[in-house]
$ cat final-v8.csv   # CSV, C-alpha atoms
chain,number,residue,atom,x,y,z
P,6,MET,CA,-96.6,59.5,-59.7
P,7,ARG,CA,-97.2,56.3,-57.7
P,8,ILE,CA,-96.7,53.1,-59.6
P,9,ILE,CA,-96.7,49.5,-58.2
P,10,VAL,CA,-93.6,47.7,-59.7
P,11,ASN,CA,-93.5,44.0,-59.0
P,12,GLY,CA,-95.7,44.5,-56.0
P,13,GLU,CA,-93.7,47.4,-54.5
P,14,PRO,CA,-95.1,50.9,-54.6
P,15,ARG,CA,-92.7,53.5,-56.0
P,16,GLU,CA,-92.7,57.3,-56.6
P,17,VAL,CA,-91.5,57.8,-60.2
P,18,ALA,CA,-91.1,60.6,-62.7
P,19,ALA,CA,-91.5,58.3,-65.7
P,20,LEU,CA,-94.5,58.8,-67.9
P,21,THR,CA,-94.1,55.8,-70.1
P,22,LEU,CA,-93.4,52.1,-69.5
P,23,GLU,CA,-90.0,52.4,-71.2
P,24,ALA,CA,-89.0,55.4,-69.1
P,25,LEU,CA,-90.1,53.5,-66.0
P,26,LEU,CA,-87.9,50.5,-66.8
P,27,SER,CA,-84.9,52.9,-67.3
P,28,GLU,CA,-85.7,54.9,-64.1
P,29,CYS,CA,-86.0,51.7,-62.0
P,30,GLY,CA,-82.8,50.2,-63.4
P,31,TYR,CA,-84.1,47.4,-65.5
P,32,HIS,CA,-81.5,47.3,-68.3
P,33,SER,CA,-81.6,43.6,-69.3
P,34,ALA,CA,-82.8,42.7,-72.7
P,35,LYS,CA,-84.2,39.4,-71.3
P,36,ILE,CA,-87.3,40.9,-69.6
P,37,ALA,CA,-90.9,41.0,-70.4
P,38,THR,CA,-93.6,43.4,-69.1
P,39,ALA,CA,-97.2,43.6,-68.2
P,40,LEU,CA,-99.3,46.6,-67.3
P,41,ASN,CA,-102.3,46.0,-65.1
P,42,SER,CA,-102.1,42.3,-66.0
P,43,THR,CA,-102.0,42.9,-69.7
P,44,PHE,CA,-98.9,42.0,-71.7
P,45,VAL,CA,-97.0,44.9,-73.3
P,46,HIS,CA,-94.8,44.0,-76.2
P,47,ARG,CA,-91.3,45.5,-76.0
P,48,HIS,CA,-92.0,47.6,-79.1
P,49,LEU,CA,-94.9,49.2,-77.4
P,50,ARG,CA,-93.2,50.2,-74.2
P,51,SER,CA,-92.2,53.7,-75.4
P,52,GLU,CA,-95.8,54.6,-76.3
P,53,THR,CA,-97.4,53.0,-73.3
P,54,THR,CA,-98.3,55.8,-70.9
P,55,LEU,CA,-98.6,55.3,-67.2
P,56,SER,CA,-101.3,56.4,-64.8
P,57,GLU,CA,-101.4,56.8,-61.1
P,58,ASN,CA,-101.5,53.5,-59.2
P,59,ASP,CA,-100.8,51.4,-62.4
P,60,ARG,CA,-99.4,47.9,-61.7
P,61,VAL,CA,-96.3,46.9,-63.7
P,62,GLU,CA,-94.9,43.5,-63.8
P,63,VAL,CA,-91.3,42.9,-65.0
P,64,VAL,CA,-90.2,39.3,-65.4
P,65,SER,CA,-87.1,37.4,-66.5
P,66,PRO,CA,-86.1,33.8,-67.1
P,67,ILE,CA,-85.8,31.3,-64.2
P,68,GLU,CA,-85.7,27.6,-63.8
P,69,GLY,CA,-88.9,25.8,-64.4
P,70,GLY,CA,-90.4,22.3,-64.3
S,19,MET,CA,-88.4,10.4,-83.0
S,20,VAL,CA,-91.3,12.6,-81.8
S,21,ASP,CA,-92.7,15.5,-83.8
S,22,PHE,CA,-93.7,18.6,-81.7
S,23,TYR,CA,-95.3,21.1,-84.0
S,24,GLY,CA,-92.8,20.3,-86.8
S,25,THR,CA,-89.8,20.0,-84.6
S,26,CYS,CA,-88.4,16.5,-84.4
S,27,ILE,CA,-86.9,15.3,-81.1
S,28,LYS,CA,-84.9,12.1,-80.9
S,29,ASN,CA,-84.6,11.8,-77.1
S,30,PRO,CA,-88.1,11.3,-75.6
S,31,LEU,CA,-86.9,12.6,-72.2
S,32,LEU,CA,-87.8,16.2,-71.5
S,33,LEU,CA,-86.3,17.7,-68.4
S,34,GLY,CA,-87.2,20.5,-66.1
S,35,THR,CA,-84.5,22.9,-64.9
S,36,ALA,CA,-85.6,23.6,-61.3
S,37,ARG,CA,-84.4,22.4,-57.9
S,38,TYR,CA,-80.9,21.1,-58.9
S,39,PRO,CA,-78.2,21.4,-56.3
S,40,SER,CA,-76.3,23.7,-58.6
S,41,PRO,CA,-76.5,25.1,-62.2
S,42,ALA,CA,-73.4,23.1,-63.0
S,43,LEU,CA,-75.2,19.8,-62.1
S,44,LEU,CA,-78.2,20.9,-64.2
S,45,ALA,CA,-76.0,21.4,-67.2
S,46,LYS,CA,-74.1,18.2,-66.7
S,47,ALA,CA,-77.4,16.2,-66.3
S,48,VAL,CA,-78.8,17.7,-69.5
S,49,ARG,CA,-75.6,17.0,-71.5
S,50,GLU,CA,-74.9,13.5,-70.3
S,51,ALA,CA,-78.5,12.4,-70.8
S,52,GLY,CA,-78.6,13.9,-74.3
S,53,VAL,CA,-81.7,15.9,-73.4
S,54,GLU,CA,-83.0,18.1,-76.3
S,55,VAL,CA,-85.9,19.9,-74.6
S,56,VAL,CA,-85.9,21.6,-71.2
S,57,THR,CA,-88.6,23.6,-69.5
S,58,VAL,CA,-88.1,27.1,-68.2
S,59,SER,CA,-90.2,29.7,-66.5
S,60,LEU,CA,-90.5,33.4,-65.7
S,61,ARG,CA,-90.5,35.3,-62.4
S,62,ARG,CA,-90.4,38.9,-61.2
S,63,GLU,CA,-87.0,40.4,-61.9
S,64,SER,CA,-85.4,42.3,-59.1
S,65,VAL,CA,-83.9,45.7,-59.9
S,66,GLY,CA,-80.2,45.3,-60.7
S,67,SER,CA,-80.4,41.5,-60.6
S,68,ALA,CA,-78.5,39.5,-63.2
S,69,ASP,CA,-80.0,36.2,-62.1
S,70,GLY,CA,-82.3,35.9,-65.1
S,71,ASN,CA,-79.5,36.6,-67.5
S,72,GLN,CA,-77.2,34.2,-65.9
S,73,PHE,CA,-79.8,31.4,-66.0
S,74,TRP,CA,-80.5,32.2,-69.6
S,75,ASP,CA,-76.8,32.2,-70.6
S,76,LEU,CA,-76.6,28.7,-69.0
S,77,ILE,CA,-79.6,27.4,-71.0
S,78,ARG,CA,-78.4,29.0,-74.2
S,79,ASP,CA,-75.0,27.4,-73.9
S,80,LEU,CA,-76.6,24.0,-73.7
S,81,GLY,CA,-78.0,24.4,-77.2
S,82,VAL,CA,-81.4,22.9,-76.3
S,83,LYS,CA,-84.9,23.7,-77.3
S,84,VAL,CA,-86.8,25.5,-74.5
S,85,LEU,CA,-90.4,24.9,-73.4
S,86,PRO,CA,-91.6,27.8,-71.3
S,87,ASN,CA,-94.2,27.0,-68.7
S,88,THR,CA,-97.0,29.0,-67.0
S,89,ALA,CA,-96.4,27.4,-63.6
S,90,GLY,CA,-98.2,28.9,-60.7
S,91,CYS,CA,-101.0,30.4,-62.7
S,92,PHE,CA,-104.4,29.8,-61.2
S,93,SER,CA,-106.5,31.9,-63.7
S,94,VAL,CA,-106.9,32.0,-67.4
S,95,GLY,CA,-105.8,35.7,-67.5
S,96,GLU,CA,-102.6,35.0,-65.6
S,97,ALA,CA,-101.7,32.0,-67.8
S,98,VAL,CA,-102.4,33.9,-71.1
S,99,THR,CA,-100.3,36.9,-70.0
S,100,THR,CA,-97.5,34.7,-68.8
S,101,ALA,CA,-97.5,32.8,-72.1
S,102,GLN,CA,-97.3,36.1,-74.0
S,103,MET,CA,-94.4,37.3,-71.9
S,104,ALA,CA,-92.6,34.0,-72.2
S,105,ARG,CA,-92.9,34.1,-76.0
S,106,GLU,CA,-91.2,37.5,-76.0
S,107,VAL,CA,-88.4,36.5,-73.6
S,108,PHE,CA,-87.7,33.0,-74.9
S,109,GLU,CA,-88.5,33.7,-78.6
S,110,THR,CA,-90.6,30.6,-79.1
S,111,ASP,CA,-94.3,29.9,-79.8
S,112,TRP,CA,-94.1,26.8,-77.6
S,113,VAL,CA,-95.8,27.0,-74.2
S,114,LYS,CA,-96.4,24.4,-71.6
S,115,LEU,CA,-99.8,25.7,-70.5
S,116,GLU,CA,-100.5,25.2,-66.8
S,117,VAL,CA,-103.7,26.5,-65.2
S,118,VAL,CA,-103.7,25.0,-61.7
S,119,GLY,CA,-107.0,24.2,-60.1
S,120,ASN,CA,-106.1,22.9,-56.7
S,121,ARG,CA,-103.4,24.1,-54.4
S,122,ASP,CA,-102.8,20.7,-52.6
S,123,THR,CA,-102.5,18.5,-55.7
S,124,LEU,CA,-101.6,21.2,-58.2
S,125,GLN,CA,-104.2,19.4,-60.4
S,126,PRO,CA,-104.8,21.1,-63.7
S,127,ASP,CA,-108.1,23.1,-64.0
S,128,PRO,CA,-109.7,21.5,-67.1
S,129,PHE,CA,-112.1,24.4,-67.6
S,130,GLY,CA,-109.5,27.1,-67.3
S,131,LEU,CA,-107.0,25.1,-69.4
S,132,LEU,CA,-109.4,24.8,-72.3
S,133,GLU,CA,-110.3,28.5,-72.2
S,134,ALA,CA,-106.6,29.5,-72.1
S,135,ALA,CA,-105.7,27.0,-74.8
S,136,THR,CA,-108.4,28.4,-77.1
S,137,ILE,CA,-107.1,31.9,-76.7
S,138,LEU,CA,-103.4,30.9,-77.2
S,139,CYS,CA,-104.0,28.6,-80.2
S,140,ARG,CA,-105.9,31.5,-81.9
S,141,ASP,CA,-102.8,33.6,-81.2
S,142,ASN,CA,-100.6,31.1,-83.0
S,143,PHE,CA,-99.0,29.6,-79.9
S,144,GLN,CA,-98.0,26.0,-80.0
S,145,VAL,CA,-99.6,24.7,-76.9
S,146,PHE,CA,-98.5,21.8,-74.7
S,147,PRO,CA,-101.5,21.6,-72.4
S,148,TYR,CA,-100.7,20.2,-68.9
S,149,MET,CA,-103.9,18.2,-68.3
S,150,THR,CA,-105.6,15.4,-66.5
S,151,GLU,CA,-106.0,12.2,-68.5
S,152,ASP,CA,-109.6,13.0,-69.3
S,153,LEU,CA,-110.6,11.8,-72.7
S,154,VAL,CA,-113.3,14.5,-73.3
S,155,LEU,CA,-111.0,17.3,-72.3
S,156,ALA,CA,-108.3,15.9,-74.7
S,157,GLU,CA,-110.8,15.9,-77.5
S,158,LYS,CA,-111.8,19.6,-76.8
S,159,LEU,CA,-108.1,20.6,-76.6
S,160,VAL,CA,-107.4,19.0,-80.0
S,161,GLU,CA,-110.5,20.7,-81.4
S,162,VAL,CA,-109.2,24.1,-80.4
S,163,GLY,CA,-105.8,23.5,-82.0
S,164,CYS,CA,-103.5,21.6,-79.6
S,165,ARG,CA,-101.3,19.2,-81.4
S,166,VAL,CA,-99.6,17.8,-78.3
S,167,LEU,CA,-101.3,16.4,-75.2
S,168,MET,CA,-99.5,16.5,-71.9
S,169,PRO,CA,-101.4,14.4,-69.3
S,170,TRP,CA,-100.1,14.1,-65.7
S,171,GLY,CA,-98.8,10.9,-64.4
S,172,SER,CA,-99.7,11.9,-60.8
S,173,PRO,CA,-99.3,15.2,-58.8
S,174,ILE,CA,-96.2,17.2,-59.5
S,175,GLY,CA,-93.2,16.2,-57.4
S,176,SER,CA,-95.0,13.3,-55.8
S,177,GLY,CA,-93.0,10.5,-57.3
S,178,ARG,CA,-96.1,8.3,-57.4
S,179,GLY,CA,-95.7,7.3,-61.0
S,180,LEU,CA,-98.7,6.6,-63.2
S,181,ASN,CA,-102.0,6.9,-61.3
S,182,ASN,CA,-104.2,6.0,-64.2
S,183,GLU,CA,-102.7,3.7,-66.8
S,184,TYR,CA,-106.2,3.1,-68.2
S,185,GLY,CA,-106.6,6.8,-68.9
S,186,LEU,CA,-103.3,7.0,-70.7
S,187,ARG,CA,-104.1,3.9,-72.8
S,188,THR,CA,-107.4,5.5,-73.8
S,189,LEU,CA,-105.7,8.7,-74.9
S,190,ARG,CA,-103.2,6.7,-76.9
S,191,ALA,CA,-105.9,4.7,-78.6
S,192,ARG,CA,-108.0,7.8,-79.4
S,193,PHE,CA,-105.3,10.2,-80.6
S,194,GLU,CA,-103.1,8.1,-82.9
S,195,GLY,CA,-101.3,11.1,-84.5
S,196,ILE,CA,-101.0,13.4,-81.6
S,197,PRO,CA,-97.8,13.2,-79.5
S,198,ILE,CA,-98.6,12.3,-75.8
S,199,VAL,CA,-96.1,13.5,-73.2
S,200,VAL,CA,-96.6,12.2,-69.6
S,201,ASP,CA,-95.7,15.1,-67.3
S,202,ALA,CA,-95.4,15.1,-63.6
S,203,GLY,CA,-95.4,12.6,-60.8
S,204,ILE,CA,-92.7,10.4,-62.3
S,205,GLY,CA,-90.4,9.1,-59.5
S,206,VAL,CA,-88.1,6.4,-60.9
S,207,PRO,CA,-87.0,5.3,-64.4
S,208,SER,CA,-89.4,2.3,-64.4
S,209,HIS,CA,-92.4,4.8,-64.2
S,210,ALA,CA,-91.0,6.5,-67.3
S,211,ALA,CA,-90.4,3.3,-69.1
S,212,ARG,CA,-94.0,2.2,-68.3
S,213,ALA,CA,-95.4,5.4,-69.8
S,214,MET,CA,-93.4,4.7,-73.0
S,215,GLU,CA,-94.5,1.0,-73.0
S,216,LEU,CA,-98.1,2.2,-73.0
S,217,GLY,CA,-97.4,4.1,-76.2
S,218,CYS,CA,-96.7,7.6,-74.9
S,219,ASP,CA,-94.3,9.5,-77.0
S,220,ALA,CA,-92.2,11.3,-74.4
S,221,VAL,CA,-91.9,11.9,-70.6
S,222,LEU,CA,-91.3,15.2,-68.9
S,223,LEU,CA,-89.9,15.2,-65.4
S,224,ASN,CA,-87.9,17.4,-63.1
S,225,THR,CA,-87.9,16.5,-59.4
S,226,ALA,CA,-87.0,12.9,-59.8
S,227,VAL,CA,-83.7,13.9,-61.4
S,228,ALA,CA,-83.0,17.2,-59.7
S,229,ARG,CA,-83.6,15.9,-56.1
S,230,ALA,CA,-81.9,12.5,-56.7
S,231,GLY,CA,-78.7,11.8,-54.8
S,232,ASP,CA,-76.8,11.9,-58.1
S,233,PRO,CA,-78.9,13.9,-60.6
S,234,VAL,CA,-76.5,13.3,-63.5
S,235,ALA,CA,-76.6,9.5,-63.1
S,236,MET,CA,-80.4,9.6,-62.6
S,237,ALA,CA,-80.9,11.7,-65.8
S,238,SER,CA,-78.9,9.1,-67.8
S,239,ALA,CA,-80.9,6.3,-66.1
S,240,PHE,CA,-84.2,8.0,-67.2
S,241,SER,CA,-82.8,8.5,-70.7
S,242,ASP,CA,-82.1,4.8,-71.0
S,243,ALA,CA,-85.5,4.0,-69.5
S,244,VAL,CA,-87.5,6.0,-72.0
S,245,ARG,CA,-85.6,4.6,-74.9
S,246,ALA,CA,-86.2,1.0,-73.7
S,247,GLY,CA,-89.9,1.7,-73.1
S,248,ARG,CA,-90.3,3.1,-76.5
S,249,ALA,CA,-88.5,0.2,-78.2
S,250,ALA,CA,-90.7,-2.2,-76.2
S,251,TYR,CA,-93.8,-0.5,-77.4
S,252,LEU,CA,-92.7,-0.6,-81.0
S,253,ALA,CA,-91.9,-4.3,-80.6
S,254,THR,CA,-95.5,-5.0,-79.5
S,255,PRO,CA,-95.5,-6.5,-75.9
S,256,ILE,CA,-97.4,-9.7,-75.3
S,257,GLU,CA,-100.8,-9.6,-73.6
S,258,MET,CA,-100.9,-10.2,-69.9
S,259,SER,CA,-102.8,-13.4,-68.7
S,260,ASP,CA,-103.9,-14.7,-65.3
S,261,MET,CA,-102.7,-18.3,-65.9
S,262,ALA,CA,-99.3,-19.8,-66.9
S,263,THR,CA,-98.4,-20.7,-70.4
S,264,PRO,CA,-95.4,-23.0,-70.6
S,265,SER,CA,-92.5,-21.6,-72.5
S,266,THR,CA,-90.6,-24.9,-72.8
S,267,PRO,CA,-92.1,-27.3,-75.4
S,268,VAL,CA,-94.0,-30.2,-73.8
S,269,ILE,CA,-94.3,-32.3,-76.9
S,270,GLY,CA,-91.7,-35.2,-76.8
S,271,LYS,CA,-91.1,-34.8,-73.0
S,272,ALA,CA,-90.0,-38.0,-71.4
S,273,PHE,CA,-92.8,-39.9,-69.6
S,274,LEU,CA,-91.3,-40.5,-66.2
S,275,SER,CA,-94.2,-40.8,-63.8

$ encode --input "final-v8.csv" --output "structure tokens"
Amino acid sequence: MRIIVNGEPREVAALTLEALLSECGYHSAKIATALNSTFVHRHLRSETTLSENDRVEVVSPIEGG
Amino acid sequence: MVDFYGTCIKNPLLLGTARYPSPALLAKAVREAGVEVVTVSLRRESVGSADGNQFWDLIRDLGVKVLPNTAGCFSVGEAVTTAQMAREVFETDWVKLEVVGNRDTLQPDPFGLLEAATILCRDNFQVFPYMTEDLVLAEKLVEVGCRVLMPWGSPIGSGRGLNNEYGLRTLRARFEGIPIVVDAGIGVPSHAARAMELGCDAVLLNTAVARAGDPVAMASAFSDAVRAGRAAYLATPIEMSDMATPSTPVIGKAFLS
């Protein structure tokens, strides 16, 4: 299935958001996710299913002003 | 002492964490200036990268309160989603809400800001709205639940100081019980002191410290300035006048002409 992860298209086997994070190597606890511009709470990642061409954003802390 | 949504802060200098020459200098500046609140942000995490964790470890070790921002958001949807992600990552209901309206000046979009603030306040966020110094906008933001106002001094990173002292004085007079934090555009400590002399409760800045020749010394200078400005405000400054008023008594002066 083709999923856009942080702007980059990827072919993945994952069917849920949680599986996608694992498949893509995101293991940090300090990340947050959005699916098609909507926030997905960490507790809902395992039950959030993916569809072809979904856009997933994965973010982590950085410096800010 | 300033009260942000029930959290009392002694040092009215809030500091951004971006653009320092090194993480070590950022940490030293925060520590030596006695800063209690720093701003942080979120960006896309690269696969396998530990950058986010390293930065978070640095901030956590400082033992400060974090204020996540929604920097770079040009729409209500972006800002709301970013705030929600920030709440999860940083484990705080605080959010410095930025909805940018102009790419050249990074001026806040007052319409988008109000809409986003309405959504986030309903979702129990504690919103610090980055705003213009518009009185009517401030009234609307307070109506929807904001208990802090964060007017700009001038465009972000410009170092121009306070572009509209009248506007800041008006906000202070209108919102007696609401903390006012001047954010953005501060260049030198006298700008920060001036904001505090006008009755603002705190100042948030980043570039003026981070890009100074000696960020650690500059952070301490700003810390001294905001305390001096606050003390001056509380001591009630004299009114300005156009003509001189002699300070030395004239009664009893020798008649020598």

$ closest_residue --input "final-v8.csv" --among "S:Gly119, S:Gly81, S:Gly52, S:Gly203" --to "chain P" --atoms "all atoms listed in the file"
S:Gly203

$ closest_residue --input "final-v8.csv" --among "P:Glu57, P:Glu52, P:Glu28, P:Glu68" --to "chain S" --atoms "all atoms listed in the file"
P:Glu68

$ closest_residue --input "final-v8.csv" --among "P:Ser56, P:Ser51, P:Thr21, P:Ser27" --to "chain S" --atoms "all atoms listed in the file"
P:Ser27

$ closest_residue --input "final-v8.csv" --among "S:Asn71, S:Gln125, S:Thr225, S:Ser64" --to "Cys91 of chain S" --atoms "all atoms listed in the file"
S:Gln125

$ residues_around --input "final-v8.csv" --residues "Glu13 of chain P" --least-positions-apart "3" --cutoff "10 Å" --atoms "all atoms listed in the file" --output "ChimeraX atom specification"
/P:8-10,60-61

$ write_last_selection --input "final-v8.csv" --atoms "C-alpha atoms" --output "PDB file, keeping the file's coordinate frame"
ATOM      1  CA  ILE P   8     -96.700  53.100 -59.600  1.00  0.00           C
ATOM      2  CA  ILE P   9     -96.700  49.500 -58.200  1.00  0.00           C
ATOM      3  CA  VAL P  10     -93.600  47.700 -59.700  1.00  0.00           C
ATOM      4  CA  ARG P  60     -99.400  47.900 -61.700  1.00  0.00           C
ATOM      5  CA  VAL P  61     -96.300  46.900 -63.700  1.00  0.00           C
TER       6      VAL P  61
END

$ atom_distance --input "final-v8.csv" --atom1 "atom CA of Gly179 of chain S" --atom2 "atom CA of Val154 of chain S"
22.6 Å

$ interface_residues --input "final-v8.csv" --of "chain P" --to "chain S" --cutoff "12 Å" --atoms "all atoms listed in the file" --output "JSON, numbers by chain"
{"P": [10, 11, 12, 13, 25, 26, 27, 28, 29, 30, 31, 32, 33, 34, 35, 36, 37, 38, 39, 40, 41, 42, 43, 44, 45, 46, 47, 48, 61, 62, 63, 64, 65, 66, 67, 68, 69, 70]}

$ atom_distance --input "final-v8.csv" --atom1 "atom CA of Gly205 of chain S" --atom2 "atom CA of Ala226 of chain S"
5.1 Å

$ atom_distance --input "final-v8.csv" --atom1 "atom CA of Asp59 of chain P" --atom2 "atom CA of Leu22 of chain P"
10.3 Å

$ residues_near_point --input "final-v8.csv" --point "(-106.2, 19.2, -63.1)" --cutoff "12 Å" --atoms "only C-alpha atoms" --output "ChimeraX atom specification"
/S:92,115-132,147-152,155,168-174,202

$ closest_residue --input "final-v8.csv" --among "S:Arg192, S:Leu76, S:Gln144, S:Ala253" --to "Leu43 of chain S" --atoms "only C-alpha atoms"
S:Leu76

$ residues_near_point --input "final-v8.csv" --point "(-109.2, 8.7, -74.0)" --cutoff "8 Å" --atoms "only C-alpha atoms" --output "PyMOL selection string"
chain S and resi 151-154+156+185-193

$ write_last_selection --input "final-v8.csv" --atoms "C-alpha atoms" --output "mmCIF file, in the coordinates of the input"
data_model
loop_
_atom_site.group_PDB
_atom_site.id
_atom_site.type_symbol
_atom_site.label_atom_id
_atom_site.label_comp_id
_atom_site.auth_asym_id
_atom_site.auth_seq_id
_atom_site.Cartn_x
_atom_site.Cartn_y
_atom_site.Cartn_z
ATOM 1 C CA GLU S 151 -106.000 12.200 -68.500
ATOM 2 C CA ASP S 152 -109.600 13.000 -69.300
ATOM 3 C CA LEU S 153 -110.600 11.800 -72.700
ATOM 4 C CA VAL S 154 -113.300 14.500 -73.300
ATOM 5 C CA ALA S 156 -108.300 15.900 -74.700
ATOM 6 C CA GLY S 185 -106.600 6.800 -68.900
ATOM 7 C CA LEU S 186 -103.300 7.000 -70.700
ATOM 8 C CA ARG S 187 -104.100 3.900 -72.800
ATOM 9 C CA THR S 188 -107.400 5.500 -73.800
ATOM 10 C CA LEU S 189 -105.700 8.700 -74.900
ATOM 11 C CA ARG S 190 -103.200 6.700 -76.900
ATOM 12 C CA ALA S 191 -105.900 4.700 -78.600
ATOM 13 C CA ARG S 192 -108.000 7.800 -79.400
ATOM 14 C CA PHE S 193 -105.300 10.200 -80.600
#

$ build_atoms --input "final-v8.csv" --residues "segment 161-172 of chain S" --atoms "N, CA and C atoms" --output "JSON list (two decimals), in the coordinates of the input"
[["chain", "number", "residue", "atom", "x", "y", "z"],
["S", 161, "GLU", "N", -109.57, 19.90, -80.57],
["S", 161, "GLU", "CA", -110.50, 20.70, -81.40],
["S", 161, "GLU", "C", -110.07, 22.16, -81.50],
["S", 162, "VAL", "N", -109.56, 22.71, -80.40],
["S", 162, "VAL", "CA", -109.20, 24.10, -80.40],
["S", 162, "VAL", "C", -107.79, 24.36, -80.99],
["S", 163, "GLY", "N", -107.06, 23.27, -81.30],
["S", 163, "GLY", "CA", -105.80, 23.50, -82.00],
["S", 163, "GLY", "C", -104.57, 22.87, -81.35],
["S", 164, "CYS", "N", -104.70, 22.25, -80.18],
["S", 164, "CYS", "CA", -103.50, 21.60, -79.60],
["S", 164, "CYS", "C", -103.10, 20.41, -80.37],
["S", 165, "ARG", "N", -101.80, 20.30, -80.66],
["S", 165, "ARG", "CA", -101.30, 19.20, -81.40],
["S", 165, "ARG", "C", -100.29, 18.36, -80.60],
["S", 166, "VAL", "N", -100.33, 18.59, -79.29],
["S", 166, "VAL", "CA", -99.60, 17.80, -78.30],
["S", 166, "VAL", "C", -100.54, 17.69, -77.10],
["S", 167, "LEU", "N", -100.55, 16.53, -76.46],
["S", 167, "LEU", "CA", -101.30, 16.40, -75.20],
["S", 167, "LEU", "C", -100.28, 16.03, -74.10],
["S", 168, "MET", "N", -100.50, 16.63, -72.94],
["S", 168, "MET", "CA", -99.50, 16.50, -71.90],
["S", 168, "MET", "C", -100.23, 16.07, -70.56],
["S", 169, "PRO", "N", -100.70, 14.81, -70.49],
["S", 169, "PRO", "CA", -101.40, 14.40, -69.30],
["S", 169, "PRO", "C", -100.44, 14.15, -68.11],
["S", 170, "TRP", "N", -100.93, 14.41, -66.90],
["S", 170, "TRP", "CA", -100.10, 14.10, -65.70],
["S", 170, "TRP", "C", -100.02, 12.64, -65.48],
["S", 171, "GLY", "N", -98.92, 12.22, -64.84],
["S", 171, "GLY", "CA", -98.80, 10.90, -64.40],
["S", 171, "GLY", "C", -99.47, 10.78, -62.97],
["S", 172, "SER", "N", -99.11, 11.75, -62.15],
["S", 172, "SER", "CA", -99.70, 11.90, -60.80],
["S", 172, "SER", "C", -99.22, 13.33, -60.36]]
